[in-house]
Amino acid sequence: MKLVSWNVNGLRAVLKKNFVEFINEQQPDILCLQETKCTPEQVEQLWPAAYTTFWNSAEKKGYSGTAIFTKERPLKVEPHLGIVEHDREGRVLTAEFKEFFLVNVYVPNSKRELERLPYRQQWDVDFLKFLKKLEKKKPVIFCGDLNVAHTEIDLANPKSNVRNHGFTIEERDGFSTFVAAGFVDTFREFEKGGGHYSWWSPMAGARARNVGWRLDYFLISQALRPRLKKAYILPKVLGSDHCPVVIELS
């Protein structure tokens, strides 16, 4: 089973580039999208017929949003966390399959002046509670743009970004709490070194120079670790300022 996660930074924009070709080439069993910035009515007729699609769009038009494309129809799909303050921006979409829950998430950005950092910290607490509640029923996979580089090897310039959004101690500690709670950062099971990123600033040729951040992840319950065969990043896939990340399960 091949699962792909991609922050497309506007699905209508990436559709004009390489999106359908990407699906046809990669043939994911499940594709999770973040920052769709649209409603299904605006685009749904364009998908390959093999996929059923599910959506959680933000109340604000052209903002945030998540979607899941899947070849296997889930047992159930639910939007949101069930917490009003978190559920206006289309950030969470949970699909229940026979052997696991899949949670597609677009984590709130703390913003440049860190004005949303307190909210982000509360989000991390509430989201972890949500995941652990699901995990009582069956193992969990969660993926998406988590808007944090966890360690210094997860971004090209850690020293100059210590208090910048996406690399604050508070955000990194939030990620560490997920790991301490038993969730496995799948990519780091296979690759221990630096230089591997999933987001690059559109400024100053950052992508061409590979001056990036690893912001996109798949984390899994410990119970699924024996089934994890591969976890990797597709940095050559263009169309967004993020690139897709992938896991393969037996």
# chains A, B, ... in the order shown; residues from 1 in each chain; ligands from 1
>>> residues_around(residues="Val43 of chain A", least_positions_apart="3", cutoff="12 Å", atoms="only C-alpha atoms", output="list in words")
Gly10, Leu11, Arg12, Ala13, Val14, Leu15, Lys16, Val20, Thr36, Lys37, Cys38, Thr39, Pro40, Leu46, Trp47, Thr53, Trp55 and Ala67 of chain A
>>> residues_around(residues="Thr94 of chain A", least_positions_apart="4", cutoff="6 Å", atoms="only C-alpha atoms", output="PyMOL selection string")
chain A and resi 77-78+102-103
>>> select_by_dssp(residues="segment 153-202 of chain A", states="strand (DSSP E or B)", output="MDAnalysis selection string")
chainID A and resid 155 183:185 199:200
>>> select_by_dssp(residues="segment 47-145 of chain A", states="helix (DSSP H, G or I)", output="list in words")
Val84, Glu85, His86, Leu117, Pro118, Tyr119, Arg120, Gln121, Gln122, Trp123, Asp124, Val125, Asp126, Phe127, Leu128, Lys129, Phe130, Leu131, Lys132, Lys133, Leu134 and Glu135 of chain A
>>> residues_around(residues="Val107 of chain A", least_positions_apart="3", cutoff="9 Å", atoms="only C-alpha atoms", output="ChimeraX atom specification")
/A:91-92,120,123-124,144-148
>>> residues_around(residues="Leu114 of chain A", least_positions_apart="4", cutoff="9 Å", atoms="only C-alpha atoms", output="ChimeraX atom specification")
/A:109-110,118,163-165
>>> closest_atom_pairs(of="segment 101-145 of chain A", to="segment 224-239 of chain A", cutoff="9 Å", atoms="only C-alpha atoms", output="tab-separated table")
residue	atom	partner	partner_atom	distance
A:Pro139	CA	A:Leu224	CA	6.8
A:Val140	CA	A:Leu224	CA	8.1
A:Ile141	CA	A:Leu224	CA	8.4
>>> write_last_selection(atoms="all heavy atoms", output="short mmCIF file (atom, residue, chain, number, x, y, z; two decimals), in the first residue's frame")
data_model
loop_
_atom_site.label_atom_id
_atom_site.label_comp_id
_atom_site.auth_asym_id
_atom_site.auth_seq_id
_atom_site.Cartn_x
_atom_site.Cartn_y
_atom_site.Cartn_z
N PRO A 139 -4.73 1.20 15.20
CA PRO A 139 -3.54 2.04 14.94
C PRO A 139 -3.86 3.24 14.05
O PRO A 139 -4.84 3.25 13.30
CB PRO A 139 -2.58 1.06 14.23
CG PRO A 139 -3.02 -0.29 14.68
CD PRO A 139 -4.51 -0.20 14.83
N VAL A 140 -2.99 4.25 14.16
CA VAL A 140 -3.20 5.53 13.49
C VAL A 140 -2.01 5.87 12.59
O VAL A 140 -0.85 5.67 12.96
CB VAL A 140 -3.38 6.66 14.52
CG1 VAL A 140 -3.40 8.04 13.86
CG2 VAL A 140 -4.67 6.45 15.33
N ILE A 141 -2.32 6.37 11.41
CA ILE A 141 -1.35 7.03 10.53
C ILE A 141 -1.79 8.48 10.44
O ILE A 141 -2.97 8.74 10.16
CB ILE A 141 -1.34 6.42 9.12
CG1 ILE A 141 -0.95 4.94 9.16
CG2 ILE A 141 -0.41 7.19 8.19
CD1 ILE A 141 -1.18 4.22 7.83
#
>>> residues_around(residues="Val179 of chain A", least_positions_apart="5", cutoff="10 Å", atoms="only C-alpha atoms", output="list in words")
Asp173, Gly174, Val184, Asp185, Leu219, Ile220 and Ser221 of chain A
>>> atom_distance(atom1="atom CA of Phe218 of chain A", atom2="atom CA of Val125 of chain A")
18.3 Å
>>> atom_distance(atom1="atom CA of Leu3 of chain A", atom2="atom CA of Leu75 of chain A")
17.2 Å
